[in-house]
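Read through the structure below, which is laid out as structure tokens, and then see the notes.
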There are 2 protein chains.
Amino acid sequence: MKLYDHKLAPNTRRVRVFLAEKGIEVPMQPVDLKEREQQGNAFVAMNPFATVPVLELDDGSHLCESVAICRYFEALHPDPPLMGTDPADIATVEMWQRRVEMNGMMAAGDAFRNSSPAFEGRAVAGLTQYPQIAELAERGRARVTRFYEMLDDVLADREFIAGDRYTIADITGLITVDFGGWSKITPDPSLKNVHTWYERVSSRPSADA
Amino acid sequence: MKLYDHKLAPNTRRVRVFLAEKGIEVPMQPVDLKEREQQGNAFVAMNPFATVPVLELDDGSHLCESVAICRYFEALHPDPPLMGTDPADIATVEMWQRRVEMNGMMAAGDAFRNSSPAFEGRAVAGLTQYPQIAELAERGRARVTRFYEMLDDVLADREFIAGDRYTIADITGLITVDFGGWSKITPDPSLKNVHTWYERVSSRPSADA
């Protein structure tokens with residue numbers, strides 16, 4: 001087994017933090033995104049969508065999509081649970097993971113990919129080239145800012161995003177804040193609950209993964 | 001238990017088709033999206049993100065996000081499995097469900113919400129108003145069109161999107177094609193595998209749910 005990884009990419013970090021929380025070690029194979037290795041024939045044969053991370057299993061098959069890779073490890077190594085325990089809890093964690101992803105992380109991605117000079121002409125991950133849309137970068141910034149306000153309300157009465165236990169929703173949240181920082185989108189200082197939570201999750205050893 | 005539903009919304013249909021495939025009946029409570037009932041105080045108290053569907057459980061708690069609701073029912077009623085069986089299969093189904101959702105259904109949403117006159121000034125679901133972005137509607141159209149080409153390759157050697165069994169990835173795919181149709185985005189006639197697959201999944205009784 002090995003994980004095709006890139007040290008800076010937000011989606012690869014999701015898997016690395018998840019593995020660190022589980023105490024699982026997986027050999028890493030770096031992918032040189034700067035040289036567009038993920039668009040080369042060898043990589044595209046593993047993942048036609050040309051994105052990292054990719055998990056290569058011992059039978060030679062490949063799993064892609066960070067959350068799907070996390071769920072694979074959750075099913076193999078249920079402890080500590082990061083994706084819920086009973087049916088209602090599993091669904092609650094997925095609800096929060098998706099809310100954070102759609103409203104936070106993906107909006108931060110809209111902001112970054114549609115404004116960074118490094119991504120000019122390739123505003124969407126994958127093989128097809130799409131021009132940047134400045135208005136979408138602005139919308140992304142506004143959506144992340146609004147998301148932090150909603151998150152602050154959620155965190156008023158709990159330690160972690162999905163409840164009283166650290167889950168994959170916190171991983172996606174941590175990475176949203178750090179990824180948003182690339183575009184200088186940061187939670188307003190008035191959002192005390194978000195700042196306290198961020199301190200809590202970013203001080204865990206897994207955050208360095 | 002009851003499901004806050006809207007007959008036309010793509011995300012509510014995902015849950016209805018899923019339930020129909022499982023043979024589960026849940027009482028439905030229609031939400032009047034035309035009258036913005038989902039933005040009213042009573043609804044927002046259940047779901048601060050102001051989206052349908054919402055599943056109300058017997059203890060009065062609420063589950064939101066269509067895929068999270070589906071996973072709740074999958075955990076309670078594993079047969080027939082629609083989200084995988086063993087760890088690799090569960091991850092493979094989630095990989096495909098996410099690929100179809102991100103590259104197909106969400107791109108179809110970008111096309112529709114950013115161009116339909118009915119959604120002028122509210123291009124993103126939720127309480128916050130965002131103006132439409134015409135370039136994003138165009139990008140959405142292009143991405144769905146490209147996604148169908150990739151899907152045609154995938155379906156060259158299998159009956160269903162995630163393998164030889166119908167799964168939630170097919171539900172998201174079916175709804176992508178129908179939702180894309182609202183913006184007149186349809187798979188090119190040359191994509192025979194997509195058309196054969198669409199015929200297969202849309203002729204199942206669950207497609208009428």
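Residues are referred to by chain and number: the chain letter is A, B, ... according to the order shown in the structure tokens, the number counts from 1 in that chain, and ligands are numbered separately from 1 in the order shown.
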What's around segment 83-85 of chain B at 8 Å? Count only C-alpha atoms, leave out sequence neighbours fewer than 6 positions away in its own chain, and write the answer as a short mmCIF file (atom, residue, chain, number, x, y, z; two decimals) with C-alpha atoms, in the first residue's frame.
```cif
data_model
loop_
_atom_site.label_atom_id
_atom_site.label_comp_id
_atom_site.auth_asym_id
_atom_site.auth_seq_id
_atom_site.Cartn_x
_atom_site.Cartn_y
_atom_site.Cartn_z
CA ARG B 71 -26.00 6.98 5.02
CA GLU B 74 -27.86 2.55 4.89
CA ALA B 91 -14.59 3.48 -0.35
CA THR B 92 -14.99 2.78 -4.06
CA VAL B 93 -18.68 3.69 -3.97
CA GLU B 94 -17.89 6.89 -2.05
CA THR B 167 -25.32 2.24 -5.93
CA ILE B 168 -25.82 5.78 -4.70
#
```
Item to check | Spatial neighbours of Lys22 of chain B, 9 Å, only C-alpha atoms, chain gap at least 2 places, as a PyMOL selection string | outcome: chain B and resi 17-20+24-25+73-74+77-82
Next on the checklist: When you look at Tyr4 of chain B with a cut-off of 8 Å (counting only C-alpha atoms), what residues show up, excluding the ones that are within fewer than 6 positions of it in the same chain? I need them as a VMD selection string.
Outcome noted: chain B and resid 28 to 31 52 to 56
Checklist outcome for this item: With distances taken over only C-alpha atoms, the candidate from A:Ser202, A:Ser115, A:Thr51, A:Ser190 nearest Thr176 of chain A is A:Ser202
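Going from atom CA of Gly173 of chain B to atom CA of Ser116 of chain B covers 21.6 Å.
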Give me the residues of chain B that have any atom at most 7 Å from an atom of chain A; for each, the nearest atom pair and the distance in Å, rounded to one decimal. Use only C-alpha atoms, sort by chain and number, and format it as JSON lines.
```
{"residue": "B:Leu63", "atom": "CA", "partner": "A:Thr92", "partner_atom": "CA", "distance": 6.5}
{"residue": "B:Cys64", "atom": "CA", "partner": "A:Met95", "partner_atom": "CA", "distance": 6.0}
{"residue": "B:Glu65", "atom": "CA", "partner": "A:Met95", "partner_atom": "CA", "distance": 5.5}
{"residue": "B:Ala68", "atom": "CA", "partner": "A:Ala91", "partner_atom": "CA", "distance": 4.8}
{"residue": "B:Ile69", "atom": "CA", "partner": "A:Ala91", "partner_atom": "CA", "distance": 6.3}
{"residue": "B:Arg71", "atom": "CA", "partner": "A:Ala91", "partner_atom": "CA", "distance": 6.0}
{"residue": "B:Tyr72", "atom": "CA", "partner": "A:Ala91", "partner_atom": "CA", "distance": 5.2}
{"residue": "B:Ala75", "atom": "CA", "partner": "A:Pro87", "partner_atom": "CA", "distance": 5.3}
{"residue": "B:Leu76", "atom": "CA", "partner": "A:Pro87", "partner_atom": "CA", "distance": 6.4}
{"residue": "B:Pro87", "atom": "CA", "partner": "A:Tyr72", "partner_atom": "CA", "distance": 5.2}
{"residue": "B:Ala88", "atom": "CA", "partner": "A:Tyr72", "partner_atom": "CA", "distance": 6.1}
{"residue": "B:Ala91", "atom": "CA", "partner": "A:Ala68", "partner_atom": "CA", "distance": 4.8}
{"residue": "B:Thr92", "atom": "CA", "partner": "A:Leu63", "partner_atom": "CA", "distance": 6.5}
{"residue": "B:Glu94", "atom": "CA", "partner": "A:Ala68", "partner_atom": "CA", "distance": 5.3}
{"residue": "B:Met95", "atom": "CA", "partner": "A:Ala68", "partner_atom": "CA", "distance": 5.3}
{"residue": "B:Ile133", "atom": "CA", "partner": "A:Glu135", "partner_atom": "CA", "distance": 7.0}
{"residue": "B:Glu135", "atom": "CA", "partner": "A:Ile133", "partner_atom": "CA", "distance": 6.9}
```
Using N, CA and C atoms, can you export the residues from the last selection as a short mmCIF file (atom, residue, chain, number, x, y, z; two decimals), in the first residue's frame?
```cif
data_model
loop_
_atom_site.label_atom_id
_atom_site.label_comp_id
_atom_site.auth_asym_id
_atom_site.auth_seq_id
_atom_site.Cartn_x
_atom_site.Cartn_y
_atom_site.Cartn_z
N LEU B 63 -31.50 15.62 10.92
CA LEU B 63 -30.35 15.30 10.05
C LEU B 63 -30.54 16.03 8.74
N CYS B 64 -29.49 16.70 8.28
CA CYS B 64 -29.54 17.41 7.00
C CYS B 64 -28.45 16.84 6.08
N GLU B 65 -28.44 17.32 4.85
CA GLU B 65 -27.49 16.88 3.82
C GLU B 65 -27.94 15.51 3.27
N ALA B 68 -25.80 12.39 3.80
CA ALA B 68 -25.76 11.99 5.21
C ALA B 68 -27.05 11.27 5.60
N ILE B 69 -28.17 11.76 5.09
CA ILE B 69 -29.45 11.10 5.37
C ILE B 69 -29.46 9.70 4.75
N ARG B 71 -26.89 7.85 4.25
CA ARG B 71 -26.00 6.98 5.02
C ARG B 71 -26.67 6.51 6.32
N TYR B 72 -27.52 7.36 6.88
CA TYR B 72 -28.27 6.95 8.06
C TYR B 72 -29.14 5.73 7.74
N ALA B 75 -27.07 2.57 7.20
CA ALA B 75 -26.61 1.94 8.44
C ALA B 75 -27.76 1.19 9.13
N LEU B 76 -28.98 1.75 9.08
CA LEU B 76 -30.13 1.10 9.72
C LEU B 76 -30.64 -0.09 8.92
N PRO B 87 -14.68 -2.83 3.24
CA PRO B 87 -14.01 -1.52 3.25
C PRO B 87 -13.62 -0.98 1.87
N ALA B 88 -13.03 -1.81 1.01
CA ALA B 88 -12.61 -1.30 -0.31
C ALA B 88 -13.82 -0.93 -1.16
N ALA B 91 -15.40 2.34 0.09
CA ALA B 91 -14.59 3.48 -0.35
C ALA B 91 -14.75 3.72 -1.85
N THR B 92 -14.85 2.64 -2.61
CA THR B 92 -14.99 2.78 -4.06
C THR B 92 -16.32 3.46 -4.41
N GLU B 94 -17.98 5.47 -2.45
CA GLU B 94 -17.89 6.89 -2.05
C GLU B 94 -17.04 7.68 -3.05
N MET B 95 -15.97 7.08 -3.54
CA MET B 95 -15.15 7.75 -4.56
C MET B 95 -16.01 8.12 -5.76
N ILE B 133 -23.41 34.53 -11.56
CA ILE B 133 -22.16 34.79 -12.28
C ILE B 133 -22.30 34.07 -13.64
N GLU B 135 -20.33 33.75 -16.16
CA GLU B 135 -19.18 32.92 -16.55
C GLU B 135 -19.19 31.56 -15.85
#
```
Next on the checklist: Just the number, please: distance in Å from atom CA of Gly140 of chain A to atom CA of Asp110 of chain A, one decimal.
Outcome noted: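 Atom-to-atom, atom CA of Gly140 of chain A to atom CA of Asp110 of chain A, that is 5.2 Å.
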Checklist entry - For the atom pair atom CA of Ser206 of chain B and atom CA of Asp164 of chain B, what is the interatomic distance in Å to one decimal place? => result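 Between these atoms lies a distance of 18.1 Å.
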